[in-house]
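Asker: Pasting a structure below so you can have a look.
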Amino acid sequence: MRSPIRRNMFVSIATVMAASMALVGCSTGSGTTDAEGGTALTVGLLATPGNLDYTTTAGAAIPQALLYNVYEGLVKLDNDGTIIPLLAKSWTVSDDGLVYDFLLRDGVTFSDGSPFTAESVKFSLERVKDNWTANGPTYLDPIASIEAVSDTEARITLSKSSNSWLFNMSGPVGTMFTESGIADLATAPIGTGPYTVSSFKTGDSLVLAANADYWGEAPYMSDVILRYFTDATAQTNALLSGDINLISGISQFQLVDQFKANSDFQVLEGASTGEVTLSMNNASDAFSDVRVRQAVMYAIDRQAIMDTANSGYGLLIGSMVPPTDPWYDESLADLYPYDPDTAIELLDEAGVRDLTVDFKIPNLPYAVAGAQVVKDQLAKVGITADVTTLEFPAIWLDEVFSGHDYDMSLIMHSEPRDVSVFAAATYYAGYDSPAVRAKFVEADAADPARYTELMKEATTKMAEEAAADWLYLQPAISIADADLLGVPRNTPSLALDLSTIAR
């Protein structure tokens with residue numbers, strides 16, 4: 001029997017879809033029934049995981065596949081970005097905002113049969129400090145201690161009040177692990193989620209099977225195949241031919257109208273947290289001078305890039321903050337208007353002539369298309385961008401993200417509320433502003449109203465100092481077989497939650 005919470009969520013999603021479009025009764029897609037008569041789903045994606053360990057491998061591809069599907073945390077974000085209970089049934093907070101008491105669900109087991117208890121919470125969160133090198137381990141810095149009060153009660157005490165830590169617990173750092181399952185995270189994930197990993201072929205596919213012993217509502221799909229494409233045209237052709245049933249986050253936006261006109265498919269448009277970013281290595285010789293970075297800002301016509309890469313779909317933003325965050329400031333989109341003459345004046349003021357920069361980009365469609373526009377526009381102000389296309393994720397992560405061996409790059413940052421991470425001096429952007437970092441620290445400990453004000457001040461300062469050129473917000477547009485229900489419209493987190501999808 002479906003739980004009231006899950007049934008209401010499903011009915012709500014189905015009602016919205018039915019109201020917004022006429023769903024046909026059957027799909028032309030193949031592979032909708034598995035060998036044992038269960039329901040299968042094939043999803044086409046572009047960014048492929050190099051492995052399955054998001055504790056040591058950065059990027060969005062791994063949590064997109066595994067978070068909320070194979071792995072779970074105490075809390076999660078719903079489709080509107082609201083924090084809701086997951087492995088924690090509920091929690092209370094002390095008056096001073098420092099002590100969180102979580103009541104855990106009873107009878108939960110990991111997919112290897114081991115029990116999930118408060119000791120699992122203690123083990124998992126303490127492990128972040130010393131064993132994570134990716135996906136925001138500093139998010140949990142406010143935690144001072146973790147106590148297993150009983151098997152179903154976990155107490156987390158903070159060293160200082162924090163506005164952000166519980167939100168961050170909805171992401172990868174909040175993942176619950178079993179101690180016996182961490183030996184082979186790269187190939188054999190063990191979680192408490194509705195799916196388990198059936199097989200993984202690097203660069204090709206990841207197959208998920210329904211977890212027969214899942215503590216909660218069984219997923220509607222018995223099997224999910226995530227197929228990875230290196231070419232966006234091949235991806236869309238696979239959908240048209242019925243080889244896949246869903247593209248989550250289409251990159252060929254020029255085809256959206258074509259799919260809207262085809263009754264075999266539905267087009268789902270929603271909100272994302274994906275800031276497409278022209279990164280400048282602030283620590284490099286090329287961009288250590290703020291005037292040179294500001295010159296790049298004036299030299300770039302962001303609308304032209306969005307038109308070329310996305311057929312005009314998206315939102316010009318000007319900062320690393322989407323409209324769904326309370327400290328979003330739409331005026332920052334106009335802070336650096338397209339003005340090549342001002343760009344040249346700033347370069348002259350900085351004494352820069354005939355600048356050549358290493359422009360290393362991932363082999364992702366939006367980056368390849370956008371980089372050519374950037375290259376052409378920079379050439380008009382006397383900057384030569386030597387473009388090198390790197391395999392993503394492995395080579396790009398190694399050279400650019402980890403090695404900081406670049407001057408400029410172009411990448412989408414998908415993790416929600418990650419602007420303070422971007423401001424860390426050790427981050428790949430190399431932006432070093434003690435004043436801004438102090439402002440973020442002050443904001444996190446402030447009362448909610450002051451929190452929003454201080455976050456806006458810090459993000460505005462980053463934009464003024466051209467820490468990067470945040471070009472536009474990537475739209476969340478998915479294309480699916482017309483008879484699929486429950487496909488997430490929004491992408492408030494890194495996860496692609498497959499548990500709500502049904503036929």
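Within each chain, counting starts at residue 1; across the structure tokens, chains are named A, B, ... in the order shown, with ligands numbered 1 upward in that order.
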Would you kindly return, as a ChimeraX atom specification, each protein, DNA or RNA residue with an atom no farther than 12 Å from any atom of range 137-141 of chain A, considering only C-alpha atoms and excluding same-chain residues fewer than 5 positions away?

Answerer: /A:54-58,124-132,146,156-175,416-422,424,426-427,441,444

Asker: Output C-alpha atoms for every residue in that selection, as a PDB file, in the first residue's frame.

Answerer:
ATOM      1  CA  TYR A  54      31.346  11.177  -5.061  1.00  0.00           C
ATOM      2  CA  THR A  55      33.286  11.461  -1.810  1.00  0.00           C
ATOM      3  CA  THR A  56      36.552  11.768  -3.743  1.00  0.00           C
ATOM      4  CA  THR A  57      35.432  12.645  -7.291  1.00  0.00           C
ATOM      5  CA  ALA A  58      33.976  16.093  -7.927  1.00  0.00           C
ATOM      6  CA  SER A 124      28.988   8.851   8.015  1.00  0.00           C
ATOM      7  CA  LEU A 125      29.185  12.482   9.098  1.00  0.00           C
ATOM      8  CA  GLU A 126      32.428  12.153  11.048  1.00  0.00           C
ATOM      9  CA  ARG A 127      33.972  10.522   7.999  1.00  0.00           C
ATOM     10  CA  VAL A 128      33.341  13.630   5.872  1.00  0.00           C
ATOM     11  CA  LYS A 129      35.965  15.671   7.695  1.00  0.00           C
ATOM     12  CA  ASP A 130      38.922  13.397   6.930  1.00  0.00           C
ATOM     13  CA  ASN A 131      37.860  11.236   3.996  1.00  0.00           C
ATOM     14  CA  TRP A 132      36.079  13.563   1.550  1.00  0.00           C
ATOM     15  CA  ILE A 146      27.602  13.788  16.813  1.00  0.00           C
ATOM     16  CA  ILE A 156      24.151  16.817  16.297  1.00  0.00           C
ATOM     17  CA  THR A 157      25.655  19.775  18.103  1.00  0.00           C
ATOM     18  CA  LEU A 158      27.004  22.749  16.215  1.00  0.00           C
ATOM     19  CA  SER A 159      29.928  24.926  17.264  1.00  0.00           C
ATOM     20  CA  LYS A 160      27.973  27.974  16.123  1.00  0.00           C
ATOM     21  CA  SER A 161      24.525  28.596  14.744  1.00  0.00           C
ATOM     22  CA  SER A 162      24.366  28.012  11.002  1.00  0.00           C
ATOM     23  CA  ASN A 163      21.734  28.966   8.469  1.00  0.00           C
ATOM     24  CA  SER A 164      23.099  26.685   5.784  1.00  0.00           C
ATOM     25  CA  TRP A 165      24.236  23.410   7.329  1.00  0.00           C
ATOM     26  CA  LEU A 166      20.883  21.567   7.279  1.00  0.00           C
ATOM     27  CA  PHE A 167      20.276  22.631   3.676  1.00  0.00           C
ATOM     28  CA  ASN A 168      23.722  21.270   2.818  1.00  0.00           C
ATOM     29  CA  MET A 169      22.836  17.994   4.524  1.00  0.00           C
ATOM     30  CA  SER A 170      20.386  17.394   1.680  1.00  0.00           C
ATOM     31  CA  GLY A 171      23.340  17.057  -0.705  1.00  0.00           C
ATOM     32  CA  PRO A 172      26.133  14.504  -1.073  1.00  0.00           C
ATOM     33  CA  VAL A 173      27.835  15.355   2.259  1.00  0.00           C
ATOM     34  CA  GLY A 174      24.698  14.229   4.087  1.00  0.00           C
ATOM     35  CA  THR A 175      24.879  10.723   2.619  1.00  0.00           C
ATOM     36  CA  PRO A 416      22.749  24.535  -5.057  1.00  0.00           C
ATOM     37  CA  ARG A 417      23.922  27.450  -2.921  1.00  0.00           C
ATOM     38  CA  ASP A 418      27.587  26.909  -3.723  1.00  0.00           C
ATOM     39  CA  VAL A 419      28.622  30.546  -4.075  1.00  0.00           C
ATOM     40  CA  SER A 420      30.533  30.565  -0.771  1.00  0.00           C
ATOM     41  CA  VAL A 421      32.533  27.548  -1.936  1.00  0.00           C
ATOM     42  CA  PHE A 422      33.495  29.473  -5.072  1.00  0.00           C
ATOM     43  CA  ALA A 424      37.386  29.793  -1.101  1.00  0.00           C
ATOM     44  CA  THR A 426      41.848  27.080  -2.577  1.00  0.00           C
ATOM     45  CA  TYR A 427      38.995  26.591  -5.055  1.00  0.00           C
ATOM     46  CA  VAL A 441      30.932  33.371   7.746  1.00  0.00           C
ATOM     47  CA  ASP A 444      25.848  31.899   8.187  1.00  0.00           C
TER      48      ASP A 444
END

Asker: Using only C-alpha atoms for the distances, tell me which of A:Asp358, A:Asp334, A:Glu391, A:Asp329 is nearest to Met455 in chain A.

Answerer: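 Among A:Asp358, A:Asp334, A:Glu391, A:Asp329, it is A:Asp329 that comes nearest to Met455 in chain A.
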
Asker: Using 12 Å as the limit and counting only C-alpha atoms, can you tabulate each residue of range 54-74 of chain A that touches range 218-239 of chain A, with its shortest atom-to-atom distance in Å and the two atoms involved, as a tab-separated table?

Answerer:
residue	atom	partner	partner_atom	distance
A:Ala61	CA	A:Tyr228	CA	10.2
A:Ile62	CA	A:Leu226	CA	11.4
A:Gln64	CA	A:Leu226	CA	10.5
A:Ala65	CA	A:Leu226	CA	7.9
A:Leu66	CA	A:Leu226	CA	10.9
A:Tyr68	CA	A:Pro219	CA	11.5
A:Asn69	CA	A:Pro219	CA	9.4
A:Val70	CA	A:Pro219	CA	11.6

Asker: Take the residues from that selection and put them in a file with C-alpha atoms, as a PDB file, in the first residue's frame.

Answerer:
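The result, written out as part.pdb:
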ATOM      1  CA  ALA A  61      27.378  13.258 -12.777  1.00  0.00           C
ATOM      2  CA  ILE A  62      27.760  10.839  -9.850  1.00  0.00           C
ATOM      3  CA  GLN A  64      22.885  12.948 -10.342  1.00  0.00           C
ATOM      4  CA  ALA A  65      22.671   9.180 -10.679  1.00  0.00           C
ATOM      5  CA  LEU A  66      23.065   8.002  -7.093  1.00  0.00           C
ATOM      6  CA  TYR A  68      18.201   9.895  -3.501  1.00  0.00           C
ATOM      7  CA  ASN A  69      18.214   6.804  -5.745  1.00  0.00           C
ATOM      8  CA  VAL A  70      20.920   4.592  -4.237  1.00  0.00           C
TER       9      VAL A  70
END

Asker: Run DSSP on the backbone and give me the residues of range 145-313 of chain A it puts in helix (DSSP H, G or I), as a VMD selection string.

Answerer: chain A and resid 165 to 168 172 to 174 179 to 184 232 to 241 253 to 260 290 to 299 302 to 310

Asker: With a distance cut-off of 10 Å and only C-alpha atoms, select the neighbouring residues of Gly403 in chain A, excluding the residue or stretch itself and same-chain residues fewer than 6 positions from it, and output the selection as a list in words.

Answerer: Trp396, Leu397 and Tyr428 of chain A

Asker: Measuring atom to atom with only C-alpha atoms, identify which of A:Leu390, A:Met412, A:Ile244, A:Ala210 is nearest to Leu498 in chain A.

Answerer: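 Selected residue with least distance to Leu498 in chain A: A:Ala210.
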
Asker: Might you pull out every residue within 8 Å of range 408-411 of chain A, with only C-alpha atoms counted and same-chain residues fewer than 2 positions away left off, and present them as an MDAnalysis selection string?

Answerer: chainID A and resid 276:281 357:362 367 370:371 400 406 413

Asker: Write a file of the just-selected residues containing N, CA and C atoms, as a PDB file, in the first residue's frame.

Answerer:
ATOM      1  N   VAL A 276      25.921  28.663 -15.778  1.00  0.00           N
ATOM      2  CA  VAL A 276      26.960  28.471 -16.791  1.00  0.00           C
ATOM      3  C   VAL A 276      27.987  29.587 -16.612  1.00  0.00           C
ATOM      4  N   THR A 277      29.211  29.174 -16.306  1.00  0.00           N
ATOM      5  CA  THR A 277      30.217  30.103 -15.796  1.00  0.00           C
ATOM      6  C   THR A 277      31.460  30.151 -16.673  1.00  0.00           C
ATOM      7  N   LEU A 278      31.850  31.366 -17.052  1.00  0.00           N
ATOM      8  CA  LEU A 278      33.144  31.580 -17.688  1.00  0.00           C
ATOM      9  C   LEU A 278      34.136  31.828 -16.563  1.00  0.00           C
ATOM     10  N   SER A 279      34.869  30.783 -16.196  1.00  0.00           N
ATOM     11  CA  SER A 279      35.788  30.862 -15.064  1.00  0.00           C
ATOM     12  C   SER A 279      37.101  31.490 -15.496  1.00  0.00           C
ATOM     13  N   MET A 280      37.601  32.389 -14.671  1.00  0.00           N
ATOM     14  CA  MET A 280      38.928  32.970 -14.880  1.00  0.00           C
ATOM     15  C   MET A 280      39.781  32.620 -13.671  1.00  0.00           C
ATOM     16  N   ASN A 281      40.924  32.055 -13.899  1.00  0.00           N
ATOM     17  CA  ASN A 281      41.810  31.672 -12.799  1.00  0.00           C
ATOM     18  C   ASN A 281      42.432  32.931 -12.195  1.00  0.00           C
ATOM     19  N   VAL A 357      45.623  33.523 -23.545  1.00  0.00           N
ATOM     20  CA  VAL A 357      45.194  32.742 -22.382  1.00  0.00           C
ATOM     21  C   VAL A 357      44.899  31.302 -22.798  1.00  0.00           C
ATOM     22  N   ASP A 358      45.174  30.375 -21.875  1.00  0.00           N
ATOM     23  CA  ASP A 358      44.834  28.974 -22.068  1.00  0.00           C
ATOM     24  C   ASP A 358      43.375  28.774 -21.680  1.00  0.00           C
ATOM     25  N   PHE A 359      42.552  28.501 -22.678  1.00  0.00           N
ATOM     26  CA  PHE A 359      41.104  28.373 -22.495  1.00  0.00           C
ATOM     27  C   PHE A 359      40.761  26.881 -22.586  1.00  0.00           C
ATOM     28  N   LYS A 360      40.669  26.224 -21.430  1.00  0.00           N
ATOM     29  CA  LYS A 360      40.433  24.779 -21.389  1.00  0.00           C
ATOM     30  C   LYS A 360      38.977  24.512 -21.031  1.00  0.00           C
ATOM     31  N   ILE A 361      38.280  23.822 -21.924  1.00  0.00           N
ATOM     32  CA  ILE A 361      36.852  23.601 -21.737  1.00  0.00           C
ATOM     33  C   ILE A 361      36.539  22.109 -21.736  1.00  0.00           C
ATOM     34  N   PRO A 362      35.445  21.699 -21.098  1.00  0.00           N
ATOM     35  CA  PRO A 362      35.019  20.300 -21.158  1.00  0.00           C
ATOM     36  C   PRO A 362      34.351  20.010 -22.495  1.00  0.00           C
ATOM     37  N   ALA A 367      29.444  24.047 -23.674  1.00  0.00           N
ATOM     38  CA  ALA A 367      30.771  24.624 -23.492  1.00  0.00           C
ATOM     39  C   ALA A 367      31.487  24.789 -24.830  1.00  0.00           C
ATOM     40  N   GLY A 370      29.642  27.653 -26.708  1.00  0.00           N
ATOM     41  CA  GLY A 370      29.870  28.941 -26.072  1.00  0.00           C
ATOM     42  C   GLY A 370      31.305  29.418 -26.178  1.00  0.00           C
ATOM     43  N   ALA A 371      32.255  28.482 -26.126  1.00  0.00           N
ATOM     44  CA  ALA A 371      33.674  28.847 -26.170  1.00  0.00           C
ATOM     45  C   ALA A 371      34.052  29.522 -27.479  1.00  0.00           C
ATOM     46  N   VAL A 400      41.906  21.124 -14.721  1.00  0.00           N
ATOM     47  CA  VAL A 400      41.334  22.432 -14.391  1.00  0.00           C
ATOM     48  C   VAL A 400      40.891  22.491 -12.934  1.00  0.00           C
ATOM     49  N   TYR A 406      45.146  26.217 -15.794  1.00  0.00           N
ATOM     50  CA  TYR A 406      44.338  26.860 -16.834  1.00  0.00           C
ATOM     51  C   TYR A 406      44.301  28.354 -16.566  1.00  0.00           C
ATOM     52  N   HIS A 413      27.998  25.190 -13.118  1.00  0.00           N
ATOM     53  CA  HIS A 413      28.016  24.814 -11.702  1.00  0.00           C
ATOM     54  C   HIS A 413      26.580  24.491 -11.283  1.00  0.00           C
TER      55      HIS A 413
END

Asker: Between CA of Ile395 in chain A and CA of Gly203 in chain A, measure the distance and give it in Å to one decimal.

Answerer: 13.3 Å

Asker: Nearest residue to Phe287 in chain A out of A:Asp398, A:Glu465, A:Asp339, A:Glu119, using only C-alpha atoms?

Answerer: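 Closest candidate: A:Glu465.
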
Asker: List every residue of range 170-223 of chain A that has an atom at most 12 Å from any atom of range 112-115 of chain A, giving for each one its closest atom pair and the distance in Å to one decimal, counting only C-alpha atoms, sorted by chain and then by ascending residue number, as a tab-separated table.

Answerer:
residue	atom	partner	partner_atom	distance
A:Met176	CA	A:Pro115	CA	11.4
A:Phe177	CA	A:Ser114	CA	10.3
A:Thr178	CA	A:Ser114	CA	7.3
A:Glu179	CA	A:Ser114	CA	9.3
A:Ser180	CA	A:Ser114	CA	8.7
A:Gly181	CA	A:Asp112	CA	8.2
A:Ile182	CA	A:Asp112	CA	11.9
A:Ala188	CA	A:Asp112	CA	10.7
A:Pro189	CA	A:Asp112	CA	9.9
A:Ile190	CA	A:Asp112	CA	6.7
A:Gly191	CA	A:Asp112	CA	8.2
A:Thr192	CA	A:Asp112	CA	9.1
A:Gly193	CA	A:Asp112	CA	11.6
A:Thr196	CA	A:Asp112	CA	9.9
A:Val197	CA	A:Asp112	CA	11.7
A:Asn211	CA	A:Asp112	CA	10.4
A:Ala212	CA	A:Gly113	CA	11.1
A:Asp213	CA	A:Gly113	CA	8.5
A:Tyr214	CA	A:Gly113	CA	10.3
A:Trp215	CA	A:Pro115	CA	10.9

Asker: Grab the residues selected above and save them as a CSV table (one decimal), in the first residue's frame with N, CA and C atoms.

Answerer:
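See out-v8.csv below for the written result:
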chain,number,residue,atom,x,y,z
A,176,MET,N,24.3,8.8,4.0
A,176,MET,CA,24.5,7.8,5.0
A,176,MET,C,25.2,6.6,4.4
A,177,PHE,N,26.3,6.1,5.0
A,177,PHE,CA,27.0,5.0,4.6
A,177,PHE,C,27.0,3.9,5.7
A,178,THR,N,27.2,2.7,5.2
A,178,THR,CA,27.5,1.6,6.2
A,178,THR,C,29.0,1.4,6.2
A,179,GLU,N,29.5,1.1,7.4
A,179,GLU,CA,31.0,1.1,7.6
A,179,GLU,C,31.6,0.0,6.7
A,180,SER,N,30.9,-1.1,6.5
A,180,SER,CA,31.4,-2.2,5.6
A,180,SER,C,31.3,-1.9,4.1
A,181,GLY,N,30.6,-0.8,3.8
A,181,GLY,CA,30.4,-0.5,2.4
A,181,GLY,C,31.3,0.5,1.8
A,182,ILE,N,32.2,1.1,2.5
A,182,ILE,CA,33.1,2.2,2.0
A,182,ILE,C,34.3,1.7,1.3
A,188,ALA,N,30.9,-0.2,-6.3
A,188,ALA,CA,29.9,-1.0,-5.6
A,188,ALA,C,29.2,-0.2,-4.5
A,189,PRO,N,28.4,0.8,-4.8
A,189,PRO,CA,27.8,1.6,-3.8
A,189,PRO,C,26.7,0.8,-3.0
A,190,ILE,N,26.7,1.1,-1.7
A,190,ILE,CA,25.8,0.4,-0.8
A,190,ILE,C,25.0,1.5,0.0
A,191,GLY,N,23.7,1.7,-0.3
A,191,GLY,CA,23.0,2.7,0.3
A,191,GLY,C,21.7,2.2,0.9
A,192,THR,N,20.8,3.1,1.3
A,192,THR,CA,19.5,2.7,1.8
A,192,THR,C,18.4,3.1,0.9
A,193,GLY,N,18.7,3.5,-0.3
A,193,GLY,CA,17.8,4.0,-1.3
A,193,GLY,C,16.9,3.0,-2.0
A,196,THR,N,19.4,-0.1,-6.3
A,196,THR,CA,20.7,-0.6,-6.1
A,196,THR,C,21.4,-0.6,-7.5
A,197,VAL,N,22.7,-0.5,-7.4
A,197,VAL,CA,23.5,-0.6,-8.7
A,197,VAL,C,23.6,-2.0,-9.2
A,211,ASN,N,15.3,-1.8,-5.2
A,211,ASN,CA,15.7,-2.4,-4.0
A,211,ASN,C,14.6,-3.2,-3.4
A,212,ALA,N,14.6,-4.5,-3.4
A,212,ALA,CA,13.5,-5.3,-2.9
A,212,ALA,C,13.2,-5.1,-1.4
A,213,ASP,N,14.2,-4.7,-0.7
A,213,ASP,CA,14.1,-4.5,0.8
A,213,ASP,C,14.0,-3.1,1.2
A,214,TYR,N,13.7,-2.2,0.3
A,214,TYR,CA,13.6,-0.8,0.6
A,214,TYR,C,12.6,-0.5,1.7
A,215,TRP,N,13.0,0.4,2.6
A,215,TRP,CA,12.2,0.7,3.8
A,215,TRP,C,11.0,1.4,3.5

Asker: Out of A:Ala154, A:Leu454, A:Ala385, A:Leu471, which residue has the shortest atom-to-atom distance to Leu316 in chain A when counting only C-alpha atoms?

Answerer: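 Checking each candidate against Leu316 in chain A, we get A:Leu471 as the closest.
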
Asker: What is the CA of Trp470 in chain A to CA of Ala438 in chain A distance in Å?

Answerer: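 Answer for the CA of Trp470 in chain A to CA of Ala438 in chain A separation: 22.0 Å.
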
Asker: If I take CA of Leu332 in chain A and CA of Thr459 in chain A, how far is one from the other in Å, to one decimal?

Answerer: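 Answer for the CA of Leu332 in chain A to CA of Thr459 in chain A separation: 9.6 Å.
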
Asker: Could you pull out the residues in range 304-467 of chain A that DSSP calls strand (DSSP E) from the backbone, as a count of residues only?

Answerer: 24

Asker: Let me make sure I understand: among A:Glu442, A:Asp106, A:Glu275, A:Glu330, which one has the smallest atom-to-atom distance to Ala468 in chain A if we use only C-alpha atoms?

Answerer: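 Going through A:Glu442, A:Asp106, A:Glu275, A:Glu330 one by one, the smallest distance to Ala468 in chain A is for A:Glu275.
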
Asker: Please report as a tab-separated table every residue of range 88-163 of chain A lying within 12 Å of range 78-83 of chain A, along with the nearest atom pair and their distance in Å (one decimal), using only C-alpha atoms.

Answerer:
residue	atom	partner	partner_atom	distance
A:Ala88	CA	A:Ile83	CA	11.5
A:Ser90	CA	A:Ile83	CA	11.3
A:Trp91	CA	A:Ile83	CA	11.9

Asker: Generate the output file for the selected residues, C-alpha atoms, as a CSV table (one decimal), in the first residue's frame.

Answerer:
chain,number,residue,atom,x,y,z
A,88,ALA,CA,15.0,11.3,9.7
A,90,SER,CA,11.5,14.5,12.3
A,91,TRP,CA,13.9,16.8,14.2

Asker: Counting only C-alpha atoms, figure out which residue out of A:Ala186, A:Ala435, A:Ala295, A:Val108 gets nearest to Phe200 in chain A.

Answerer: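 Counting only C-alpha atoms, the residue closest to Phe200 in chain A is A:Ala186.
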